[in-house]
Amino acid sequence: MKLSQLSETLIGSEIVKLGGEIREKIRKGERIYNFTVGDFDPSIFPIPKELEDAIVDAYRKHFTNYPAAEGNLDLREAIHSFMKYEEGLDYEMSEILVASGGRPLIYATFRAICDKGDNIIYAVPSWNNNHYTHFIGANHIVIEAKAENNFMPTADDIAPHIKEATLIALCSPQNPTGTTFSKQGLEMICDLVLEENKIRNDKEKKLYVLYDQMYRHLTYGTIQHYNPVSLRPEMKNYTVFIDAISKVFAATGVRVGWSLGPAVILSKMKAILTHIGAWAPMAEQKAVSNFLANHEAIKKYLLNFKNEIEERLRRIYDGLMKLKNEGLPVDAIAPEAAIYLTIKIDLAGKKTVDGKIISDQSEATAYVLNNAGLAVVPFYAFGTDRSSPWYRLSVGTCKKEEIDEMIGRLREALKKIN
């Protein structure tokens with residue numbers, strides 16, 4: 001059956017493929033430590049009680065009709081106050097757009113700014129930029145971020161490609177790495193963008209930045225979150241923010257997200273989403289508009305939420321460092337942010353006790369799944385070269401009592417490698 005070129009050329013998801021294998025093993029009764037899911041187990045990480053109560057109350061008050069296409073005014077006013085309070089970002093109502101989470105807003109940003117054949121710069125590993133670029137038929141300008149830079153793109157990485165680019169897609173704290181931009185690193189990228197836009201004339205497209213800061217509250221230790229507009233106010237003309245309640249309140253299924261950005265871009269994004277119908281539900285909008293003003297409840301929730309996530313990340317990191325110090329082929333980047341740990345399992349080319357050579361990273365992934373019950377997502381699922389030995393480990397569904405057991409089983413499996 002002949003279908004569209006887009007549907008015929010879509011890249012299959014490695015995460016979905018791995019997820020199917022994991023579900024089948026669990027169905028057969030195998031013990032699997034599933035650290036693949038970029039989501040939360042609500043029994044471990046429930047949404048804030050105040051938000052839950054407000055959602056239930058909104059439905060009981062029959063807020064079940066269509067919301068405004070740009071987001072209800074009361075919610076956009078609440079977002080305005082919340083973002084000003086949290087980050088000092090001051091946006092007018094026409095510069096705030098609400099949708100059903102971050103995904104439709106990212107898609108609309110790509111669609112509103114870029115045409116087929118435009119150059120889009122993004123680093124790998126990163127979440128879904130390759131797919132969104134493919135959707136619009138743009139040119140992939142891919143930067144392979146380096147471990148020594150915590151897998152964050154640098155100004156030096158971006159500079160050679162900037163002259164012909166239309167959009168730079170950035171994310172911090174980053175999915176899948178759980179790492180962040182330093183203040184200086186992000187400033188240098190902003191300066192590149194500002195200098196380039198001074199050169200471009202009025203008949204040319206400007207260079208824009210999509211800045212996904214979905215995990216901005218979830219930073220640990222001395223790590224601070226930075227954004228382009230706070231660092232360089234002139235970037236307000238060229239930055240579209242992607243934000244939501246999805247990660248910061250463990251509310252991935254509640255589906256309320258927002259963009260801040262130039263009104264001319266957001267009006268086009270609104271028009272695109274109007275045809276798609278990707279609105280946040282009316283009741284959830286009403287609930288979130290009330291909850292965002294409850295600063296004490298938010299502060300209390302985040303204190304416990306962040307402590308629980310950080311404890312899991314650090315315990316797993318410490319366990320992996322013990323394995324590394326024992327001479328086993330693992331490594332990790334110290335936790336910085338989000339719900340992810342970047343880990344390294346370097347088995348390609350090594351031999352198992354039965355003499356079988358692990359020929360590539362796909363086989364390495366299968367080995368730790370089959371022999372240690374450990375399910376993590378390889379970075380090649382996020383666009384890197386398939387030889388990369390690095391992985392995303394997510395703790396959103398992690399039970400603390402399983403951590404030592406998982407590290408022990410991984411140790412046993414790695415000791416069987418020559």
# chains A, B, ... in the order shown; residues from 1 in each chain; ligands from 1

$ residues_around --residues "range 332-334 of chain A" --least-positions-apart "4" --cutoff "8 Å" --atoms "only C-alpha atoms" --output "MDAnalysis selection string"
chainID A and resid 150 314 317 320:321 341:344

$ write_last_selection --atoms "N, CA, C and O atoms" --output "PDB file, in the first residue's frame"
ATOM      1  N   ASN A 150      30.109  17.143  29.156  1.00  0.00           N
ATOM      2  CA  ASN A 150      28.883  16.595  29.745  1.00  0.00           C
ATOM      3  C   ASN A 150      27.758  16.468  28.722  1.00  0.00           C
ATOM      4  O   ASN A 150      26.583  16.600  29.049  1.00  0.00           O
ATOM      5  N   ARG A 314      22.031   9.808  43.111  1.00  0.00           N
ATOM      6  CA  ARG A 314      23.349   9.760  43.755  1.00  0.00           C
ATOM      7  C   ARG A 314      23.687   8.345  44.233  1.00  0.00           C
ATOM      8  O   ARG A 314      24.852   7.921  44.149  1.00  0.00           O
ATOM      9  N   TYR A 317      24.694   6.491  41.130  1.00  0.00           N
ATOM     10  CA  TYR A 317      26.009   6.993  40.710  1.00  0.00           C
ATOM     11  C   TYR A 317      27.114   6.439  41.603  1.00  0.00           C
ATOM     12  O   TYR A 317      28.138   5.938  41.105  1.00  0.00           O
ATOM     13  N   LEU A 320      27.758   2.815  40.804  1.00  0.00           N
ATOM     14  CA  LEU A 320      28.515   2.637  39.562  1.00  0.00           C
ATOM     15  C   LEU A 320      29.981   3.010  39.736  1.00  0.00           C
ATOM     16  O   LEU A 320      30.867   2.385  39.147  1.00  0.00           O
ATOM     17  N   MET A 321      30.251   4.014  40.550  1.00  0.00           N
ATOM     18  CA  MET A 321      31.644   4.395  40.795  1.00  0.00           C
ATOM     19  C   MET A 321      32.391   3.289  41.548  1.00  0.00           C
ATOM     20  O   MET A 321      33.585   3.072  41.319  1.00  0.00           O
ATOM     21  N   LEU A 341      20.412   9.934  34.731  1.00  0.00           N
ATOM     22  CA  LEU A 341      21.830   9.758  34.984  1.00  0.00           C
ATOM     23  C   LEU A 341      22.459   9.266  33.688  1.00  0.00           C
ATOM     24  O   LEU A 341      21.945   8.333  33.053  1.00  0.00           O
ATOM     25  N   THR A 342      23.549   9.911  33.282  1.00  0.00           N
ATOM     26  CA  THR A 342      24.296   9.469  32.111  1.00  0.00           C
ATOM     27  C   THR A 342      25.321   8.438  32.557  1.00  0.00           C
ATOM     28  O   THR A 342      26.196   8.741  33.370  1.00  0.00           O
ATOM     29  N   ILE A 343      25.193   7.217  32.025  1.00  0.00           N
ATOM     30  CA  ILE A 343      26.090   6.139  32.428  1.00  0.00           C
ATOM     31  C   ILE A 343      26.758   5.520  31.202  1.00  0.00           C
ATOM     32  O   ILE A 343      26.258   5.628  30.085  1.00  0.00           O
ATOM     33  N   LYS A 344      27.877   4.883  31.440  1.00  0.00           N
ATOM     34  CA  LYS A 344      28.643   4.245  30.374  1.00  0.00           C
ATOM     35  C   LYS A 344      28.797   2.760  30.687  1.00  0.00           C
ATOM     36  O   LYS A 344      29.202   2.395  31.782  1.00  0.00           O
TER      37      LYS A 344
END

$ select_by_dssp --residues "range 92-138 of chain A" --states "alpha helix (DSSP H)" --output "list in words"
Gly102, Arg103, Pro104, Leu105, Ile106, Tyr107, Ala108, Thr109, Phe110, Arg111, Ala112, Ile113, Asn129, Asn130, His131, Tyr132, Thr133, His134 and Phe135 of chain A

$ residues_around --residues "Ile358 in chain A" --least-positions-apart "2" --cutoff "12 Å" --atoms "only C-alpha atoms" --output "PyMOL selection string"
chain A and resi 346-356+360-368+417-418

$ atom_distance --atom1 "CA of Ala244 in chain A" --atom2 "CA of Ile272 in chain A"
19.0 Å

$ closest_residue --among "A:Phe110, A:Phe241, A:Phe181, A:Tyr226" --to "Asp212 in chain A" --atoms "only C-alpha atoms"
A:Phe241

$ select_by_dssp --residues "range 2-145 of chain A" --states "strand (DSSP E or B)" --output "VMD selection string"
chain A and resid 33 to 34 96 to 99 119 to 124 139 to 144

$ closest_residue --among "A:Met269, A:Met406, A:Met282, A:Ile22" --to "Tyr59 in chain A" --atoms "only C-alpha atoms"
A:Met282

$ residues_around --residues "range 152-162 of chain A" --least-positions-apart "6" --cutoff "12 Å" --atoms "only C-alpha atoms" --output "PyMOL selection string"
chain A and resi 118-126+139-146+168-197+199-200+206-209+342

$ write_last_selection --atoms "C-alpha atoms" --output "CSV table (one decimal), in the first residue's frame"
chain,number,residue,atom,x,y,z
A,118,ASP,CA,16.1,25.2,6.2
A,119,ASN,CA,19.1,24.3,8.3
A,120,ILE,CA,18.2,23.3,11.9
A,121,ILE,CA,21.1,22.9,14.4
A,122,TYR,CA,20.8,20.4,17.2
A,123,ALA,CA,23.1,18.3,19.3
A,124,VAL,CA,23.0,14.6,19.9
A,125,PRO,CA,22.2,13.0,22.2
A,126,SER,CA,18.9,14.9,22.4
A,139,ASN,CA,18.3,19.9,6.9
A,140,HIS,CA,19.8,18.2,9.9
A,141,ILE,CA,22.8,20.0,11.1
A,142,VAL,CA,23.9,17.5,13.8
A,143,ILE,CA,26.5,18.3,16.5
A,144,GLU,CA,27.9,15.3,18.2
A,145,ALA,CA,28.3,16.6,21.8
A,146,LYS,CA,31.2,15.2,23.8
A,168,ILE,CA,19.0,26.1,17.1
A,169,ALA,CA,17.2,23.6,19.3
A,170,LEU,CA,18.6,23.6,22.8
A,171,CYS,CA,17.5,21.9,26.1
A,172,SER,CA,18.7,22.4,29.6
A,173,PRO,CA,18.5,20.5,31.9
A,174,GLN,CA,18.8,18.1,29.1
A,175,ASN,CA,16.9,15.0,28.2
A,176,PRO,CA,18.5,12.4,28.0
A,177,THR,CA,21.7,13.4,29.8
A,178,GLY,CA,20.5,15.1,33.0
A,179,THR,CA,23.2,17.7,32.4
A,180,THR,CA,23.0,21.5,32.1
A,181,PHE,CA,24.5,24.6,30.4
A,182,SER,CA,26.9,26.6,32.5
A,183,LYS,CA,26.3,30.3,32.7
A,184,GLN,CA,29.3,31.1,30.5
A,185,GLY,CA,28.6,28.3,28.0
A,186,LEU,CA,25.0,29.6,27.4
A,187,GLU,CA,26.2,33.2,27.3
A,188,MET,CA,28.6,32.3,24.5
A,189,ILE,CA,25.9,30.7,22.4
A,190,CYS,CA,23.6,33.7,23.0
A,191,ASP,CA,26.3,36.0,21.8
A,192,LEU,CA,26.8,34.0,18.6
A,193,VAL,CA,23.0,34.3,17.9
A,194,LEU,CA,22.9,38.0,18.6
A,195,GLU,CA,26.0,38.7,16.4
A,196,GLU,CA,24.6,36.7,13.6
A,197,ASN,CA,21.2,38.4,13.7
A,199,ILE,CA,24.4,40.8,10.2
A,200,ARG,CA,21.1,39.5,8.6
A,206,LYS,CA,16.5,35.7,11.7
A,207,LEU,CA,18.2,32.9,13.7
A,208,TYR,CA,16.0,31.7,16.5
A,209,VAL,CA,16.5,29.5,19.5
A,342,THR,CA,24.3,9.5,32.1

$ decode --residues "range 273-305 of chain A" --atoms "N, CA and C atoms" --output "tab-separated table (two decimals), in the first residue's frame"
chain	number	residue	atom	x	y	z
A	273	LEU	N	-1.70	25.05	15.92
A	273	LEU	CA	-2.29	24.17	16.93
A	273	LEU	C	-3.82	24.20	16.89
A	274	THR	N	-4.40	25.32	16.41
A	274	THR	CA	-5.85	25.39	16.26
A	274	THR	C	-6.34	24.30	15.31
A	275	HIS	N	-5.59	24.06	14.24
A	275	HIS	CA	-5.99	23.04	13.28
A	275	HIS	C	-5.72	21.63	13.79
A	276	ILE	N	-4.75	21.50	14.68
A	276	ILE	CA	-4.44	20.19	15.26
A	276	ILE	C	-5.34	19.89	16.45
A	277	GLY	N	-5.73	20.92	17.18
A	277	GLY	CA	-6.59	20.74	18.35
A	277	GLY	C	-5.84	20.26	19.58
A	278	ALA	N	-4.56	20.63	19.69
A	278	ALA	CA	-3.73	20.15	20.80
A	278	ALA	C	-3.84	21.07	22.02
A	279	TRP	N	-5.06	21.32	22.45
A	279	TRP	CA	-5.28	22.20	23.59
A	279	TRP	C	-5.15	21.43	24.90
A	280	ALA	N	-4.69	22.12	25.92
A	280	ALA	CA	-4.76	21.55	27.26
A	280	ALA	C	-6.22	21.51	27.69
A	281	PRO	N	-6.67	20.43	28.35
A	281	PRO	CA	-8.08	20.32	28.74
A	281	PRO	C	-8.51	21.48	29.64
A	282	MET	N	-9.77	21.86	29.49
A	282	MET	CA	-10.31	23.00	30.24
A	282	MET	C	-10.15	22.83	31.75
A	283	ALA	N	-10.54	21.68	32.29
A	283	ALA	CA	-10.49	21.50	33.74
A	283	ALA	C	-9.06	21.59	34.27
A	284	GLU	N	-8.12	20.96	33.54
A	284	GLU	CA	-6.72	21.03	33.95
A	284	GLU	C	-6.19	22.46	33.89
A	285	GLN	N	-6.61	23.21	32.89
A	285	GLN	CA	-6.19	24.61	32.82
A	285	GLN	C	-6.68	25.39	34.03
A	286	LYS	N	-7.93	25.18	34.41
A	286	LYS	CA	-8.48	25.87	35.58
A	286	LYS	C	-7.71	25.49	36.84
A	287	ALA	N	-7.39	24.21	36.96
A	287	ALA	CA	-6.67	23.74	38.15
A	287	ALA	C	-5.27	24.31	38.21
A	288	VAL	N	-4.56	24.29	37.08
A	288	VAL	CA	-3.18	24.78	37.06
A	288	VAL	C	-3.13	26.28	37.31
A	289	SER	N	-4.12	27.02	36.81
A	289	SER	CA	-4.14	28.47	37.04
A	289	SER	C	-4.22	28.79	38.53
A	290	ASN	N	-4.94	27.95	39.28
A	290	ASN	CA	-5.01	28.15	40.73
A	290	ASN	C	-3.74	27.68	41.42
A	291	PHE	N	-3.22	26.55	40.98
A	291	PHE	CA	-2.08	25.95	41.67
A	291	PHE	C	-0.81	26.79	41.52
A	292	LEU	N	-0.57	27.38	40.36
A	292	LEU	CA	0.66	28.13	40.15
A	292	LEU	C	0.81	29.33	41.08
A	293	ALA	N	-0.29	29.78	41.62
A	293	ALA	CA	-0.23	30.91	42.56
A	293	ALA	C	0.06	30.47	43.99
A	294	ASN	N	0.03	29.17	44.24
A	294	ASN	CA	0.22	28.65	45.59
A	294	ASN	C	1.71	28.37	45.82
A	295	HIS	N	2.47	29.42	46.05
A	295	HIS	CA	3.92	29.29	46.14
A	295	HIS	C	4.38	28.41	47.30
A	296	GLU	N	3.65	28.45	48.41
A	296	GLU	CA	4.04	27.64	49.56
A	296	GLU	C	3.87	26.15	49.27
A	297	ALA	N	2.75	25.79	48.62
A	297	ALA	CA	2.52	24.39	48.28
A	297	ALA	C	3.56	23.90	47.28
A	298	ILE	N	3.90	24.74	46.31
A	298	ILE	CA	4.91	24.38	45.32
A	298	ILE	C	6.27	24.17	45.98
A	299	LYS	N	6.65	25.10	46.84
A	299	LYS	CA	7.93	25.00	47.53
A	299	LYS	C	8.02	23.73	48.37
A	300	LYS	N	6.95	23.41	49.10
A	300	LYS	CA	6.92	22.22	49.94
A	300	LYS	C	7.01	20.97	49.09
A	301	TYR	N	6.27	20.92	48.00
A	301	TYR	CA	6.28	19.75	47.13
A	301	TYR	C	7.66	19.53	46.53
A	302	LEU	N	8.25	20.60	46.01
A	302	LEU	CA	9.55	20.46	45.34
A	302	LEU	C	10.66	20.05	46.30
A	303	LEU	N	10.59	20.49	47.54
A	303	LEU	CA	11.61	20.12	48.51
A	303	LEU	C	11.69	18.61	48.67
A	304	ASN	N	10.55	17.97	48.86
A	304	ASN	CA	10.52	16.52	49.02
A	304	ASN	C	10.80	15.81	47.70
A	305	PHE	N	10.17	16.28	46.63
A	305	PHE	CA	10.30	15.66	45.31
A	305	PHE	C	11.75	15.64	44.85
